[in-house]
Structure formats: structure tokens, C-alpha cells
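Remarks on the structure that follows.
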Amino acid sequence: MTWKFLLTAFSGIIGQIVKVISPELRKMLVEMVMNLYQKAKATPNPWDDFLVELLAQVLGIDLEKE
């Protein structure tokens, strides 16, 4: 098993759960990730960006669309 396989599987499972949670909780989750994204972009550390982008991918949140 590779990390990519595990990440893809985990993303699929969590992404499906996020799709069926209550709209209020989903909205809060998206706002939290978007807030983290803005803060990560403001830091000089590229790993901040990577972490938030990875989190968004796992949660099925499109950072460009939201």
C-alpha cells in the first residue's frame, strides 16, 4: 500500500461524510478551512500552504470555488 492510495481512500470516505453533514456544520467547516488557507498564504512557510491544501482535499473543499 502506498501513501497516495491511503490518502485517496481516506479523502473519499471523509469527503462523503462531509457531503451529508448538516448544512450549518459544513458551512462552519468550510469557513474554518478558508480562514486557515488565508492565514497560511500570509506566512512565508510553504508547508503551511501544503497542510491546508491537503486538509481541504481530504475534506472535499475546493479552495478556489468556496
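To be explicit about the labels: the chains of the C-alpha cells are called A, B, and onward in the order shown, and within each one the residues are counted from 1, while ligands get numbers from 1 in the order they are shown.
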message = Quick one: residues within 10 Å of Leu7 of chain A, only C-alpha atoms, excluding same-chain residues fewer than 5 positions away - as a ChimeraX atom specification?
response = /A:2,12-13,54,57-58
message = Neighbouring residues of segment 29-38 of chain A were defined as those with any atom within 8 Å, considering only C-alpha atoms; residues of the same chain fewer than 5 positions away were excluded. Please report them as a PyMOL selection string.
response = chain A and resi 49+52-53+55-56+61+63+66
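Taking only C-alpha atoms into account, Ser11 of chain A lies nearest to A:Gly60 out of the set A:Lys41, A:Lys27, A:Lys65, A:Gly60.
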note = Atom pair atom CA of Gly15 of chain A + atom CA of Ala42 of chain A, distance 26.7 Å
query = Just asking: which residues within chain A are helix (DSSP H, G or I) according to DSSP, as a PyMOL selection string?
reply = chain A and resi 3-20+23-42+46-59
Take the residues that were just selected and, keeping N, CA and C atoms, output them as a compact mmCIF listing (two decimals), in the first residue's frame.
# COMPACT_ATOMS: atom_id res chain seq x y z
N TRP A 3 1.21 5.64 0.21
CA TRP A 3 0.58 6.79 0.87
C TRP A 3 -0.50 7.41 -0.01
N LYS A 4 -0.24 7.43 -1.32
CA LYS A 4 -1.23 8.02 -2.23
C LYS A 4 -2.55 7.24 -2.18
N PHE A 5 -2.44 5.92 -2.14
CA PHE A 5 -3.64 5.09 -2.05
C PHE A 5 -4.41 5.38 -0.76
N LEU A 6 -3.66 5.43 0.36
CA LEU A 6 -4.31 5.70 1.65
C LEU A 6 -4.95 7.08 1.67
N LEU A 7 -4.24 8.08 1.14
CA LEU A 7 -4.80 9.43 1.10
C LEU A 7 -6.05 9.48 0.23
N THR A 8 -6.01 8.81 -0.91
CA THR A 8 -7.17 8.79 -1.79
C THR A 8 -8.36 8.10 -1.11
N ALA A 9 -8.11 6.98 -0.47
CA ALA A 9 -9.19 6.25 0.22
C ALA A 9 -9.75 7.09 1.36
N PHE A 10 -8.87 7.66 2.16
CA PHE A 10 -9.30 8.48 3.30
C PHE A 10 -10.07 9.70 2.81
N SER A 11 -9.57 10.33 1.74
CA SER A 11 -10.25 11.50 1.18
C SER A 11 -11.65 11.15 0.72
N GLY A 12 -11.78 10.00 0.09
CA GLY A 12 -13.09 9.57 -0.41
C GLY A 12 -14.07 9.35 0.72
N ILE A 13 -13.63 8.70 1.77
CA ILE A 13 -14.52 8.42 2.91
C ILE A 13 -14.92 9.71 3.61
N ILE A 14 -13.93 10.52 3.96
CA ILE A 14 -14.22 11.78 4.68
C ILE A 14 -15.02 12.72 3.78
N GLY A 15 -14.67 12.76 2.50
CA GLY A 15 -15.41 13.61 1.56
C GLY A 15 -16.88 13.26 1.50
N GLN A 16 -17.19 11.96 1.54
CA GLN A 16 -18.58 11.52 1.52
C GLN A 16 -19.30 11.90 2.80
N ILE A 17 -18.62 11.81 3.92
CA ILE A 17 -19.22 12.19 5.20
C ILE A 17 -19.51 13.68 5.23
N VAL A 18 -18.57 14.47 4.74
CA VAL A 18 -18.75 15.93 4.74
C VAL A 18 -19.95 16.33 3.89
N LYS A 19 -20.20 15.57 2.83
CA LYS A 19 -21.34 15.88 1.95
C LYS A 19 -22.69 15.69 2.65
N VAL A 20 -22.75 14.83 3.67
CA VAL A 20 -24.04 14.52 4.29
C VAL A 20 -24.21 15.12 5.69
N PRO A 23 -26.00 21.26 7.02
CA PRO A 23 -25.50 22.45 6.32
C PRO A 23 -24.79 23.44 7.25
N GLU A 24 -25.27 23.57 8.47
CA GLU A 24 -24.64 24.50 9.40
C GLU A 24 -23.21 24.08 9.72
N LEU A 25 -23.02 22.78 9.98
CA LEU A 25 -21.69 22.28 10.31
C LEU A 25 -20.77 22.36 9.10
N ARG A 26 -21.28 22.02 7.92
CA ARG A 26 -20.47 22.12 6.69
C ARG A 26 -20.03 23.55 6.46
N LYS A 27 -20.94 24.50 6.65
CA LYS A 27 -20.59 25.91 6.45
C LYS A 27 -19.48 26.32 7.41
N MET A 28 -19.58 25.91 8.66
CA MET A 28 -18.55 26.24 9.66
C MET A 28 -17.21 25.60 9.28
N LEU A 29 -17.25 24.36 8.81
CA LEU A 29 -16.04 23.65 8.42
C LEU A 29 -15.36 24.34 7.23
N VAL A 30 -16.15 24.71 6.24
CA VAL A 30 -15.61 25.40 5.07
C VAL A 30 -15.01 26.75 5.49
N GLU A 31 -15.72 27.49 6.33
CA GLU A 31 -15.21 28.78 6.79
C GLU A 31 -13.89 28.61 7.55
N MET A 32 -13.80 27.57 8.37
CA MET A 32 -12.58 27.32 9.13
C MET A 32 -11.41 27.04 8.19
N VAL A 33 -11.63 26.18 7.21
CA VAL A 33 -10.56 25.83 6.27
C VAL A 33 -10.18 27.04 5.42
N MET A 34 -11.15 27.82 4.99
CA MET A 34 -10.86 29.02 4.20
C MET A 34 -10.07 30.03 5.03
N ASN A 35 -10.41 30.17 6.30
CA ASN A 35 -9.67 31.06 7.19
C ASN A 35 -8.23 30.58 7.35
N LEU A 36 -8.06 29.28 7.57
CA LEU A 36 -6.72 28.70 7.66
C LEU A 36 -5.94 28.93 6.37
N TYR A 37 -6.60 28.80 5.25
CA TYR A 37 -5.95 28.98 3.95
C TYR A 37 -5.42 30.40 3.80
N GLN A 38 -6.24 31.37 4.16
CA GLN A 38 -5.79 32.77 4.08
C GLN A 38 -4.61 33.02 5.01
N LYS A 39 -4.66 32.49 6.20
CA LYS A 39 -3.55 32.67 7.15
C LYS A 39 -2.29 31.94 6.69
N ALA A 40 -2.46 30.76 6.11
CA ALA A 40 -1.30 30.02 5.62
C ALA A 40 -0.63 30.76 4.46
N LYS A 41 -1.43 31.33 3.58
CA LYS A 41 -0.89 32.09 2.44
C LYS A 41 -0.10 33.31 2.91
N ALA A 42 -0.45 33.85 4.06
CA ALA A 42 0.20 35.05 4.58
C ALA A 42 1.55 34.74 5.24
N PRO A 46 6.08 27.50 3.13
CA PRO A 46 5.26 26.79 2.13
C PRO A 46 4.58 25.54 2.71
N TRP A 47 5.09 25.01 3.82
CA TRP A 47 4.46 23.84 4.44
C TRP A 47 3.10 24.18 5.04
N ASP A 48 2.92 25.43 5.43
CA ASP A 48 1.60 25.87 5.92
C ASP A 48 0.58 25.72 4.80
N ASP A 49 0.95 26.20 3.62
CA ASP A 49 0.07 26.10 2.45
C ASP A 49 -0.23 24.63 2.13
N PHE A 50 0.82 23.83 2.14
CA PHE A 50 0.67 22.40 1.83
C PHE A 50 -0.31 21.73 2.78
N LEU A 51 -0.15 21.98 4.08
CA LEU A 51 -1.01 21.35 5.08
C LEU A 51 -2.48 21.73 4.87
N VAL A 52 -2.75 23.01 4.66
CA VAL A 52 -4.13 23.45 4.50
C VAL A 52 -4.71 22.92 3.19
N GLU A 53 -3.92 22.90 2.13
CA GLU A 53 -4.40 22.36 0.86
C GLU A 53 -4.69 20.86 0.99
N LEU A 54 -3.86 20.15 1.72
CA LEU A 54 -4.09 18.73 1.97
C LEU A 54 -5.37 18.53 2.78
N LEU A 55 -5.54 19.31 3.81
CA LEU A 55 -6.75 19.24 4.63
C LEU A 55 -7.99 19.51 3.79
N ALA A 56 -7.93 20.53 2.95
CA ALA A 56 -9.06 20.86 2.09
C ALA A 56 -9.37 19.70 1.13
N GLN A 57 -8.33 19.09 0.60
CA GLN A 57 -8.54 17.97 -0.31
C GLN A 57 -9.19 16.80 0.40
N VAL A 58 -8.72 16.48 1.59
CA VAL A 58 -9.28 15.37 2.35
C VAL A 58 -10.74 15.64 2.69
N LEU A 59 -11.06 16.88 3.01
CA LEU A 59 -12.43 17.23 3.38
C LEU A 59 -13.33 17.51 2.18
